[in-house]
Every structure is written in C-alpha cells, then in structure tokens.
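Below is structure-v4.txt, which holds compact mmCIF, C-alpha atoms.
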```txt
# COMPACT_ATOMS: atom_id res chain seq x y z
CA MET A 1 45.90 94.85 69.66
CA SER A 2 45.41 98.53 70.43
CA VAL A 3 48.23 101.06 70.61
CA THR A 4 47.54 101.46 74.34
CA SER A 5 47.98 97.72 74.90
CA ILE A 6 51.24 97.71 72.96
CA LEU A 7 52.58 100.63 75.02
CA LEU A 8 51.56 98.94 78.27
CA SER A 9 53.31 95.75 77.18
CA LEU A 10 56.49 97.66 76.34
CA VAL A 11 56.42 99.44 79.68
CA LEU A 12 55.95 96.11 81.47
CA LEU A 13 58.84 94.52 79.56
CA PHE A 14 61.10 97.51 80.30
CA THR A 15 60.14 97.36 83.99
CA LEU A 16 60.87 93.63 84.16
CA PHE A 17 64.19 94.11 82.37
CA SER A 18 65.20 96.96 84.69
CA PHE A 19 64.26 94.90 87.75
CA SER A 20 66.24 91.93 86.48
CA TYR A 21 69.25 94.11 85.61
CA SER A 22 69.17 95.79 89.04
CA ALA A 23 68.87 92.42 90.79
CA ASN A 24 71.85 91.06 88.83
CA ALA A 25 73.86 94.19 89.58
CA SER A 26 73.01 93.92 93.29
CA GLU A 27 74.17 90.31 93.46
CA LEU A 28 77.31 91.18 91.51
CA PHE A 29 78.00 94.09 93.87
CA GLU A 30 77.76 91.86 96.95
CA SER A 31 80.11 89.35 95.35
CA TRP A 32 82.49 92.15 94.32
CA CYS A 33 82.53 93.55 97.88
CA LYS A 34 83.56 90.15 99.26
CA GLN A 35 86.21 89.69 96.58
CA HIS A 36 87.85 93.06 97.30
CA GLY A 37 87.18 93.19 101.05
CA LYS A 38 85.00 96.31 100.75
CA THR A 39 83.02 97.52 103.75
CA TYR A 40 81.17 100.80 104.19
CA SER A 41 80.47 103.01 107.20
CA SER A 42 76.68 103.08 106.80
CA ALA A 43 73.78 101.73 104.79
CA GLU A 44 73.53 105.09 103.03
CA GLU A 45 77.19 104.97 102.01
CA LYS A 46 76.80 101.40 100.74
CA LEU A 47 73.72 102.37 98.71
CA TYR A 48 75.61 105.28 97.16
CA ARG A 49 78.57 103.05 96.30
CA PHE A 50 76.19 100.53 94.76
CA LYS A 51 74.77 103.24 92.47
CA VAL A 52 78.31 104.17 91.40
CA PHE A 53 79.13 100.49 90.89
CA GLU A 54 75.96 100.03 88.84
CA ASP A 55 76.94 102.94 86.58
CA ASN A 56 80.43 101.49 86.07
CA TYR A 57 78.87 98.07 85.43
CA ALA A 58 76.79 99.54 82.62
CA TYR A 59 79.86 101.29 81.17
CA VAL A 60 81.97 98.11 81.28
CA SER A 61 79.20 95.99 79.77
CA GLN A 62 78.62 98.45 76.94
CA HIS A 63 82.31 98.56 76.04
CA ASN A 64 82.87 94.80 76.20
CA GLN A 65 79.76 94.04 74.15
CA MET A 66 80.95 96.16 71.22
CA GLY A 67 83.16 93.26 70.14
CA ASN A 68 85.50 95.40 68.02
CA SER A 69 87.85 96.74 70.67
CA SER A 70 91.40 95.49 71.17
CA TYR A 71 91.06 95.73 74.96
CA MET A 72 88.58 94.74 77.66
CA LEU A 73 87.31 96.48 80.79
CA SER A 74 86.37 94.90 84.11
CA LEU A 75 84.86 95.67 87.50
CA ASN A 76 88.22 95.96 89.22
CA ALA A 77 89.00 97.33 92.69
CA PHE A 78 88.07 100.85 91.53
CA ALA A 79 84.54 99.99 90.37
CA ASP A 80 82.87 101.74 93.33
CA LEU A 81 84.62 105.05 92.61
CA THR A 82 83.20 107.77 90.41
CA HIS A 83 85.51 108.85 87.64
CA HIS A 84 86.06 112.17 89.43
CA GLU A 85 86.99 110.40 92.69
CA PHE A 86 89.38 108.14 90.84
CA LYS A 87 91.16 111.00 89.09
CA ALA A 88 91.47 112.92 92.35
CA SER A 89 93.20 110.07 94.19
CA ARG A 90 95.21 107.92 91.78
CA LEU A 91 97.24 110.27 89.60
CA GLY A 92 99.98 112.71 90.60
CA LEU A 93 102.24 113.73 87.69
CA SER A 94 102.74 117.51 87.75
CA PRO A 95 104.11 118.84 84.43
CA ALA A 96 103.41 122.36 85.74
CA LEU A 97 106.46 121.89 88.00
CA LEU A 98 108.72 121.53 84.97
CA ARG A 99 111.66 123.93 84.92
CA PHE A 100 113.33 123.66 81.53
CA ASP A 101 116.65 124.95 82.85
CA HIS A 102 116.88 121.69 84.83
CA ARG A 103 116.47 119.43 81.80
CA THR A 104 119.33 118.52 79.44
CA LEU A 105 118.22 116.55 76.41
CA GLN A 106 120.53 113.73 75.38
CA GLN A 107 120.32 110.61 73.28
CA PRO A 108 121.58 107.12 74.15
CA ASP A 109 124.35 106.10 71.75
CA ASP A 110 125.01 102.44 72.57
CA ILE A 111 122.38 100.93 70.23
CA ARG A 112 121.77 101.84 66.58
CA LEU A 113 118.14 102.41 65.58
CA GLU A 114 118.33 99.92 62.73
CA SER A 115 119.55 97.16 65.05
CA LEU A 116 116.91 97.45 67.77
CA PRO A 117 115.50 94.10 68.94
CA SER A 118 111.94 93.38 67.81
CA GLU A 119 110.84 92.76 71.39
CA VAL A 120 112.11 93.58 74.88
CA ASP A 121 110.80 92.62 78.31
CA TRP A 122 112.90 93.68 81.29
CA ARG A 123 110.79 91.51 83.60
CA GLU A 124 112.29 88.45 81.94
CA LYS A 125 115.75 89.83 82.67
CA GLY A 126 115.00 90.28 86.38
CA ALA A 127 115.20 94.08 86.26
CA VAL A 128 111.67 94.85 87.48
CA THR A 129 110.41 94.60 91.06
CA GLN A 130 106.90 93.55 92.04
CA VAL A 131 103.96 95.80 91.19
CA LYS A 132 103.38 98.30 94.00
CA ASP A 133 100.33 100.32 95.05
CA GLN A 134 100.44 104.08 95.58
CA GLY A 135 97.04 104.05 97.30
CA SER A 136 95.15 107.34 97.43
CA CYS A 137 98.40 109.38 97.52
CA GLY A 138 99.31 111.17 94.29
CA ALA A 139 102.87 109.84 94.33
CA CYS A 140 102.93 108.01 90.99
CA TRP A 141 106.04 110.04 90.09
CA SER A 142 107.99 108.42 92.95
CA PHE A 143 107.01 104.88 91.87
CA SER A 144 108.00 105.60 88.27
CA ALA A 145 111.35 107.01 89.44
CA THR A 146 112.21 104.16 91.82
CA GLY A 147 111.22 101.64 89.15
CA ALA A 148 113.67 103.17 86.70
CA ILE A 149 116.45 103.32 89.33
CA GLU A 150 115.75 99.69 90.32
CA GLY A 151 116.09 98.76 86.66
CA ILE A 152 119.41 100.47 85.96
CA ASN A 153 120.81 99.20 89.26
CA LYS A 154 120.04 95.64 88.16
CA VAL A 155 121.55 96.23 84.71
CA VAL A 156 124.79 97.67 86.13
CA THR A 157 125.29 95.68 89.35
CA GLY A 158 123.29 92.52 88.70
CA SER A 159 121.30 93.09 91.90
CA LEU A 160 117.56 93.88 92.01
CA VAL A 161 116.75 95.98 95.08
CA SER A 162 113.28 97.38 95.82
CA LEU A 163 113.71 101.08 96.66
CA SER A 164 111.84 103.51 98.90
CA GLU A 165 109.09 105.68 97.43
CA GLN A 166 108.35 106.93 100.94
CA GLU A 167 111.79 108.52 101.18
CA LEU A 168 111.02 110.52 98.04
CA VAL A 169 107.54 111.45 99.29
CA ASP A 170 108.85 112.58 102.69
CA CYS A 171 112.22 114.08 101.86
CA ASP A 172 112.28 115.23 98.20
CA ARG A 173 110.78 118.69 98.66
CA THR A 174 112.88 121.01 96.48
CA TYR A 175 110.29 120.91 93.68
CA ASN A 176 108.23 117.75 94.23
CA THR A 177 105.29 117.92 96.62
CA GLY A 178 104.74 114.41 98.00
CA CYS A 179 101.17 113.17 97.61
CA GLU A 180 100.30 116.37 95.76
CA GLY A 181 102.41 115.43 92.75
CA GLY A 182 105.88 115.60 91.28
CA LEU A 183 108.22 114.79 88.41
CA MET A 184 110.66 111.93 87.94
CA ASP A 185 113.63 114.11 86.90
CA TYR A 186 113.51 115.97 90.20
CA ALA A 187 113.40 112.63 92.03
CA TYR A 188 116.53 111.53 90.15
CA GLN A 189 118.25 114.80 91.06
CA PHE A 190 117.30 114.31 94.70
CA VAL A 191 118.90 110.85 94.74
CA ILE A 192 122.04 112.24 93.10
CA ASP A 193 122.30 115.12 95.60
CA ASN A 194 121.60 112.78 98.52
CA HIS A 195 124.29 110.34 97.32
CA GLY A 196 121.80 107.47 97.21
CA ILE A 197 118.42 106.15 98.30
CA ASP A 198 117.26 103.69 100.95
CA THR A 199 115.43 100.40 100.42
CA GLU A 200 111.70 99.78 100.48
CA LYS A 201 112.19 97.33 103.35
CA ASP A 202 114.01 99.83 105.56
CA TYR A 203 111.86 102.87 104.67
CA PRO A 204 108.47 101.31 103.75
CA TYR A 205 105.64 103.05 101.91
CA GLN A 206 102.85 104.50 104.06
CA GLY A 207 100.51 105.99 101.43
CA ARG A 208 100.70 109.43 103.06
CA GLU A 209 103.19 112.21 103.68
CA ARG A 210 105.28 112.15 106.86
CA SER A 211 108.26 114.00 108.25
CA CYS A 212 111.54 113.01 106.61
CA ILE A 213 113.35 110.37 108.68
CA LYS A 214 116.90 111.73 108.69
CA ASP A 215 118.58 108.49 109.82
CA LYS A 216 117.08 106.59 106.90
CA LEU A 217 117.86 109.46 104.55
CA ASN A 218 121.54 108.79 105.25
CA ARG A 219 121.32 105.14 104.24
CA HIS A 220 122.64 105.26 100.67
CA VAL A 221 122.01 101.72 99.45
CA VAL A 222 121.66 102.43 95.70
CA THR A 223 123.19 105.38 93.85
CA ILE A 224 122.86 106.91 90.38
CA ASP A 225 125.20 109.29 88.57
CA GLY A 226 122.81 111.29 86.39
CA TYR A 227 119.72 111.13 84.24
CA THR A 228 118.82 111.51 80.58
CA ASP A 229 115.71 112.96 78.96
CA VAL A 230 114.52 111.31 75.76
CA PRO A 231 113.79 113.93 73.07
CA PRO A 232 110.04 114.67 73.18
CA ASN A 233 107.78 113.19 70.50
CA ASP A 234 110.52 110.90 69.16
CA GLU A 235 109.18 107.36 69.42
CA LYS A 236 112.23 105.73 67.88
CA GLN A 237 114.52 107.32 70.44
CA LEU A 238 112.13 106.18 73.18
CA GLN A 239 112.25 102.63 71.81
CA LYS A 240 116.04 102.88 71.72
CA ALA A 241 116.08 103.90 75.39
CA VAL A 242 113.72 101.09 76.43
CA ALA A 243 115.98 98.61 74.66
CA THR A 244 118.73 99.55 77.16
CA GLN A 245 116.73 99.82 80.43
CA PRO A 246 113.26 100.53 81.93
CA VAL A 247 112.18 104.12 81.24
CA SER A 248 109.96 106.53 83.19
CA VAL A 249 107.19 108.22 81.18
CA GLY A 250 104.29 110.55 81.70
CA ILE A 251 100.89 109.68 80.25
CA CYS A 252 97.28 110.72 80.46
CA GLY A 253 95.86 108.15 82.86
CA SER A 254 92.60 109.91 83.66
CA ASP A 255 90.39 108.44 80.94
CA ARG A 256 87.49 106.42 82.30
CA ALA A 257 88.50 103.37 80.28
CA PHE A 258 91.95 103.55 81.89
CA GLN A 259 90.33 103.33 85.34
CA LEU A 260 88.56 100.06 84.48
CA TYR A 261 91.12 98.56 82.07
CA SER A 262 91.45 94.78 82.30
CA LYS A 263 93.46 93.31 79.42
CA GLY A 264 94.46 93.70 75.79
CA ILE A 265 96.19 96.47 73.83
CA PHE A 266 94.85 99.80 75.04
CA THR A 267 94.00 102.10 72.12
CA GLY A 268 92.17 104.92 73.89
CA PRO A 269 90.55 107.26 73.36
CA CYS A 270 92.68 109.35 75.70
CA SER A 271 94.07 112.85 75.87
CA THR A 272 97.74 113.76 75.53
CA SER A 273 97.50 116.03 78.58
CA LEU A 274 99.87 114.35 81.05
CA ASP A 275 98.66 113.62 84.60
CA HIS A 276 100.10 110.23 85.54
CA ALA A 277 103.56 108.61 85.70
CA VAL A 278 104.33 104.99 84.84
CA LEU A 279 107.29 102.82 83.80
CA ILE A 280 107.86 101.29 80.36
CA VAL A 281 109.51 97.90 80.94
CA GLY A 282 109.49 96.65 77.35
CA TYR A 283 107.74 96.47 74.01
CA ASP A 284 106.34 93.83 71.66
CA SER A 285 103.77 93.20 68.92
CA GLU A 286 100.62 91.09 68.64
CA ASN A 287 98.85 90.32 65.37
CA GLY A 288 100.72 93.14 63.70
CA VAL A 289 99.88 95.69 66.40
CA ASP A 290 102.85 97.21 68.27
CA TYR A 291 102.59 98.04 71.98
CA TRP A 292 104.52 99.19 75.03
CA ILE A 293 104.62 97.01 78.16
CA VAL A 294 103.83 99.43 80.98
CA LYS A 295 104.09 98.88 84.73
CA ASN A 296 101.57 100.88 86.77
CA SER A 297 101.42 101.64 90.50
CA TRP A 298 97.78 100.77 91.25
CA GLY A 299 98.33 97.28 92.64
CA THR A 300 97.92 93.89 90.99
CA SER A 301 94.10 93.95 90.98
CA TRP A 302 94.20 96.53 88.16
CA GLY A 303 94.91 95.60 84.56
CA MET A 304 96.97 92.51 83.80
CA ASN A 305 98.37 91.96 87.30
CA GLY A 306 99.25 95.65 87.45
CA TYR A 307 100.41 96.04 83.82
CA ILE A 308 98.90 97.53 80.69
CA HIS A 309 99.81 97.21 77.02
CA ILE A 310 99.61 100.64 75.33
CA ARG A 311 99.64 100.82 71.55
CA ARG A 312 102.76 102.31 69.96
CA ASN A 313 103.53 103.42 66.40
CA THR A 314 100.13 105.06 66.07
CA GLY A 315 101.37 107.69 63.63
CA ASN A 316 100.93 110.45 66.23
CA SER A 317 104.32 111.83 67.25
CA GLN A 318 103.09 112.43 70.81
CA GLY A 319 102.13 108.79 71.13
CA LEU A 320 98.93 107.35 72.55
CA CYS A 321 97.99 109.17 75.77
CA GLY A 322 101.07 111.37 75.27
CA ILE A 323 103.46 108.55 76.15
CA ASN A 324 106.24 109.91 73.88
CA THR A 325 106.29 113.43 75.32
CA LEU A 326 107.94 113.16 78.77
CA ALA A 327 110.32 110.20 79.01
CA SER A 328 113.52 109.97 81.06
CA TYR A 329 115.79 107.47 82.75
CA PRO A 330 118.62 107.47 85.31
CA THR A 331 122.22 106.73 84.39
CA LYS A 332 124.69 104.75 86.49
CA THR A 333 128.34 103.81 86.12
CA SER A 334 129.59 103.95 89.72
CA PRO A 335 129.24 101.03 92.13
CA ASN A 336 126.95 101.28 95.14
CA PRO A 337 128.47 102.05 98.55
CA PRO A 338 129.56 98.99 100.56
CA THR A 339 126.70 97.40 102.42
CA PRO A 340 127.15 98.23 106.10
CA SER A 341 127.67 95.25 108.38
CA PRO A 342 124.68 94.40 110.57
CA PRO A 343 125.04 95.68 114.14
CA SER A 344 126.71 93.23 116.49
CA PRO A 345 124.54 91.98 119.37
CA VAL A 346 125.44 92.59 123.01
CA LYS A 347 126.32 89.37 124.83
CA CYS A 348 124.72 88.90 128.26
CA ASN A 349 125.96 85.34 128.80
CA ILE A 350 126.75 82.36 126.64
CA PHE A 351 123.09 81.92 125.69
CA THR A 352 121.66 85.45 125.89
CA TYR A 353 122.10 88.52 123.65
CA CYS A 354 120.61 92.00 123.35
CA ALA A 355 120.64 94.22 120.27
CA GLN A 356 123.36 96.76 119.65
CA GLY A 357 122.66 99.93 121.63
CA GLU A 358 120.96 98.01 124.45
CA THR A 359 122.24 96.93 127.88
CA CYS A 360 121.91 93.49 129.46
CA CYS A 361 120.15 93.67 132.83
CA CYS A 362 119.40 90.81 135.16
CA ALA A 363 115.70 90.13 135.56
CA ARG A 364 115.86 87.27 138.09
CA ARG A 365 118.51 85.98 140.47
CA PHE A 366 118.88 82.75 142.40
CA PHE A 367 121.41 82.73 145.24
CA GLY A 368 123.13 85.75 143.67
CA ILE A 369 123.36 84.16 140.22
CA CYS A 370 121.38 85.70 137.36
CA ILE A 371 119.15 83.09 135.76
CA SER A 372 117.06 85.36 133.50
CA TRP A 373 117.98 88.43 131.47
CA LYS A 374 116.13 91.35 129.91
CA CYS A 375 117.32 94.09 127.58
CA CYS A 376 117.31 97.74 128.59
CA GLY A 377 116.73 99.91 125.54
CA LEU A 378 119.60 102.24 126.47
CA SER A 379 123.31 102.07 125.71
CA SER A 380 125.66 101.75 128.73
CA ALA A 381 122.70 101.91 131.08
CA VAL A 382 122.61 101.39 134.85
CA CYS A 383 120.48 98.42 135.90
CA CYS A 384 118.36 99.13 138.98
CA LYS A 385 118.42 96.78 141.97
CA ASP A 386 114.69 96.05 141.69
CA ASN A 387 115.55 94.01 138.57
CA ARG A 388 112.73 95.81 136.72
CA HIS A 389 114.10 99.21 135.66
CA CYS A 390 117.19 100.89 134.24
CA CYS A 391 118.58 104.42 134.01
CA PRO A 392 120.72 106.25 131.43
CA HIS A 393 124.43 106.42 132.24
CA ASP A 394 124.31 110.20 132.82
CA TYR A 395 121.47 109.77 135.36
CA PRO A 396 122.82 106.70 137.17
CA VAL A 397 120.92 106.93 140.49
CA CYS A 398 117.81 104.74 140.55
CA ASP A 399 115.11 106.33 142.73
CA ILE A 400 112.70 103.41 142.87
CA ARG A 401 110.22 105.15 145.18
CA ARG A 402 109.72 108.16 142.92
CA VAL A 403 110.30 106.10 139.75
CA GLN A 404 113.02 108.48 138.60
CA CYS A 405 116.65 108.51 137.51
CA LEU A 406 118.90 111.09 139.21
CA LYS A 407 122.36 112.50 138.69
CA ARG A 408 125.06 111.45 141.17
CA ASN A 409 126.64 114.21 143.27
CA VAL A 410 129.03 113.36 146.11
CA ASN A 411 128.18 116.59 147.93
CA MET A 412 124.45 115.96 147.74
CA THR A 413 122.47 114.35 150.55
CA ARG A 414 120.15 111.52 149.66
CA THR A 415 117.13 113.67 150.54
CA ARG A 416 118.34 116.50 148.30
CA ALA A 417 119.05 114.09 145.45
CA ARG A 418 115.48 112.91 145.55
CA GLU A 419 114.21 116.48 145.27
CA ILE A 420 115.95 117.01 141.93
CA GLU A 421 113.92 116.10 138.89
CA GLY A 422 115.41 113.54 136.52
CA PRO A 423 114.15 111.20 133.78
CA PHE A 424 111.71 108.49 134.69
CA LEU A 425 112.98 105.00 135.27
CA LYS A 426 112.93 102.99 132.09
CA PRO A 427 111.53 99.45 132.26
CA LYS A 428 113.80 96.83 130.81
CA GLY A 429 112.74 95.16 127.59
CA TRP A 430 110.06 92.54 127.89
CA ASN A 431 111.77 89.84 125.85
CA SER A 432 112.88 87.66 128.74
CA GLN A 433 115.75 85.33 127.93
```

Would you mind writing the file out in structure tokens?
Amino acid sequence: MSVTSILLSLVLLFTLFSFSYSANASELFESWCKQHGKTYSSAEEKLYRFKVFEDNYAYVSQHNQMGNSSYMLSLNAFADLTHHEFKASRLGLSPALLRFDHRTLQQPDDIRLESLPSEVDWREKGAVTQVKDQGSCGACWSFSATGAIEGINKVVTGSLVSLSEQELVDCDRTYNTGCEGGLMDYAYQFVIDNHGIDTEKDYPYQGRERSCIKDKLNRHVVTIDGYTDVPPNDEKQLQKAVATQPVSVGICGSDRAFQLYSKGIFTGPCSTSLDHAVLIVGYDSENGVDYWIVKNSWGTSWGMNGYIHIRRNTGNSQGLCGINTLASYPTKTSPNPPTPSPPSPVKCNIFTYCAQGETCCCARRFFGICISWKCCGLSSAVCCKDNRHCCPHDYPVCDIRRVQCLKRNVNMTRTRAREIEGPFLKPKGWNSQ
C-alpha cells in the first residue's frame, strides 16, 4: 500500500471518528438540556452553547479516562458555560476588602488538639441546613456566613433555623458589596450591630441586589455575640474549630476542575488565591487520605448533592486551594429574642376573619343582614355603601362617583367636598368569605 493510500485511510478514519464523536456529543447535549431544563433564545445561541458543552465534554472525558485521579468530573448544570463565564458569575469572595484592624485573632480553648475526634460531620448532628444556590450573584460570602450562624445557633439553642442571605446582600453595605462580593467577618459584624438576622422564609433569596427592607431588618430571629478568626495557615487550629462547629472559609474555587467536580476527594490542581467562600461542616478520612467536608452554594446539581471533599493534611500550610488561610466562625452565648406572637386576626363574625391590620367590610346584604364579607386592606377603614370599596379613616367620605376618598368637614358643602382631591377608593380584598 502506498504512502498516499495510508494517509487517505488515516484521514478517513479521523473524519469518521470526529463525525461519530460530534454525533454522540450532540445527542448528549440534547439529553443534558432536557435534564437541566435548558432553553436558549435562538438557534445561534444554542449552537454556541453546544460548542461550549462539547469542549467541556472533551475536558471531562479526558480527566475521567486518566484513571489515576481521586475525584471525578461530570457534565453538571454548568457544562454549557465557558470557564470565564463561570468564574464571572459564581464566585464572590473579596479578600481585597480585608481591613486588618477589624480582625482579632483568637483560638478556641474548649478542645485539646491531642483529643480531637478522628471524624466530624455536623450534618449528622442536625446543624446544617439544606444546600442553597447563590445563582449568578457573587454572594457566596453571605451563604458561608449564614451557614456558620445557622450552625452555632443549633449548637447553642438546639434549633436549626435557615437564615436570610438576602438581608445581608441588601442591607450589609458598610464594607460588603452585595452581588459584587464580600467577606464573612463583616457579615458577622453586621448581624452583631443589627442585634440579629431574619429567617430565609421571611426574607427569601432573590439572586440579585434590592433595596434593604427595613421592616424585615428589624426582625431579629437569631443573634450572635461575636466572631473568631482561626490563625492563618494553621490546619490543626482549623480542625479544632471544626470539631466545635461549622466554620466559614475562603478558597480558590475558580479552577476549571472545580466547576465540573462530581465526586471523590478533590486534590487540585488549584491556586491559593482566594475568590470563593464555602462552609466546612466536618472532616474524615478515606483509604488513608484525609479530607474536609465542604458545603457549597451552587445548588444540589453540583458535586455530591452540593458538597465537595477537599483533601487536608497536604503538607502545605496554606492548605489545598488556600483553605487554611481565611477561616472564621461566629460565637454565641446569649439566647435569641423571644419569638413574636403571630398577629391576631380580625373577627368579622363567628365564621369570618380578616388579617391583622385589615377591616371587615360587608360585601353582600340580604334584608339588611350581611351574608358575605370581604377584607379591606386598611386598618380602621370606612366601608363604602356600594359594598365594593373602602376608605382610610382619615379620609372617611366615600365619593363613589369620582372614585375618591375625601376628608370630612362640617363647614364644607357636598359640592365643595367633591372638588377637593383625596386618595382613590380602595377595593376591598377579593377573598370573599
């Protein structure tokens, strides 16, 4: 066989292999889109995302086929993002904000180093809430901080309460900058200065910055008394801290393998330049290899249901991905404020109630007897005679014709009263009773 024939055969084989690989990648991409509910705005955008997916597919396949790594990668929910896009949207730790005059280094004294347990998992002790998702907002610092506060609150009070990252994103603006990044110590200081923090349920996460909601800012459900910084580059002191409660840490989370991590003990390679905040919730060993149990804030479709095992005791004082360099945790000895009683409902009749701050108004009468009620969303309101509207108590005159509420003045003629502007009539609530 001539050299030309051999070259043509090789070209044909390469072409067939490339076609087969592309076809497999295309089918895998369609299946992946369905699995993760991915849709795109145009055919061009979908084609571009497929090319990115294909590149990540090749990277994942190459890593997993090596066979000598302690961890595996997968085509997770971030497989259609370039590494640059991922880094731009999913990190958020800002060590540049660090002001050393605000940090007081201390060491926990309640456990001796030589008596540390061989393994700890705060999830098993009920001190860790569900894995959350920061979305494309760089607020990892707030998730790390609330996770640590949730943990110490459980340890001290016995109650696990999911706390509000959105309150920190919206309201903690002394040094932290919302979706643009922040530090956990400043979040702790904010909670101390604010005399507490609200719950996730009452002040839910939105994945974007908003104006601070002052009413919710004043709901001090969980409090802390201070915070402690673990001495940098001291892995034994970090282990000692984790043995007492979940601990906030900074890491380098921008390595490409970190983006597509699936399972196993992560061993890098990764930088020690910190750009992401996570929560250490325990430690353990497997086949002689020690690791940290780390809770992330990228949802449960990443890693091991939102967790990663990061190797510890590597011999590098900074720790893998810099995990030993910026660790801290909140302290708590005081009880939480009493839980406020739920607002009492307003009784319309024996069967009908409106919420506190509302007024019962009749919606339908039969021979002068009210047989159906609605709720006016105003306190101490005046119910209009049309049985459809209500007015605030300081504008008690219902002008049905002009759909307005007017002030009462005994010296004012009806015609003059109607010429004065007032608030519009407010329809009663639409939850008929």

Notebook entry, point to check: So what do you get for CA of Gly368 (chain A) versus CA of Ala381 (chain A), distance-wise?
Noted result: 20.5 Å

Notebook entry, point to check: Any idea what's packed within 10 Å of Trp122 (chain A), counting only C-alpha atoms, ignoring anything in its chain fewer than 5 positions away? Could you give it as a PyMOL selection string?
Noted result: chain A and resi 127-128+151+155+242-246+280-283+293

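Here CA of Phe266 (chain A) and CA of Leu73 (chain A) stand 10.0 Å from one another.
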
Next item on the list: Have a look at CA of Thr352 (chain A) and CA of Ser372 (chain A) and let me know their distance in Å, one decimal.
Entry: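 Separation of CA of Thr352 (chain A) and CA of Ser372 (chain A): 8.9 Å.
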
With a cut-off of 12 Å, could you pull out the residues of region 293-405 of chain A touching region 199-209 of chain A and give me the nearest pair of atoms for each, distance in Å to one decimal, using only C-alpha atoms, ordered by chain and ascending number, as a tab-separated table?
```
residue	atom	partner	partner_atom	distance
A:Ser297	CA	A:Gly207	CA	11.8
A:Trp298	CA	A:Gly207	CA	11.8
A:Thr339	CA	A:Thr199	CA	11.8
```

Next item on the list: Could you check which of A:Leu320, A:Leu326, A:Gly306, A:Ala187 is closest to Leu260 (chain A), using all atoms listed in the file?
Entry: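 Result for the nearest residue to Leu260 (chain A): A:Gly306.
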
Check: Nearest to His220 (chain A) among A:Cys252, A:Ile308, A:Ile197, A:Cys33, with distances taken over all atoms listed in the file: which residue is it?
Finding: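 Under the stated criterion, the closest residue is A:Ile197.
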
Checklist line | Neighbour residues at most 9 Å from (111.6, 111.4, 107.9) (all atoms listed in the file) as a count of residues only | finding: 12
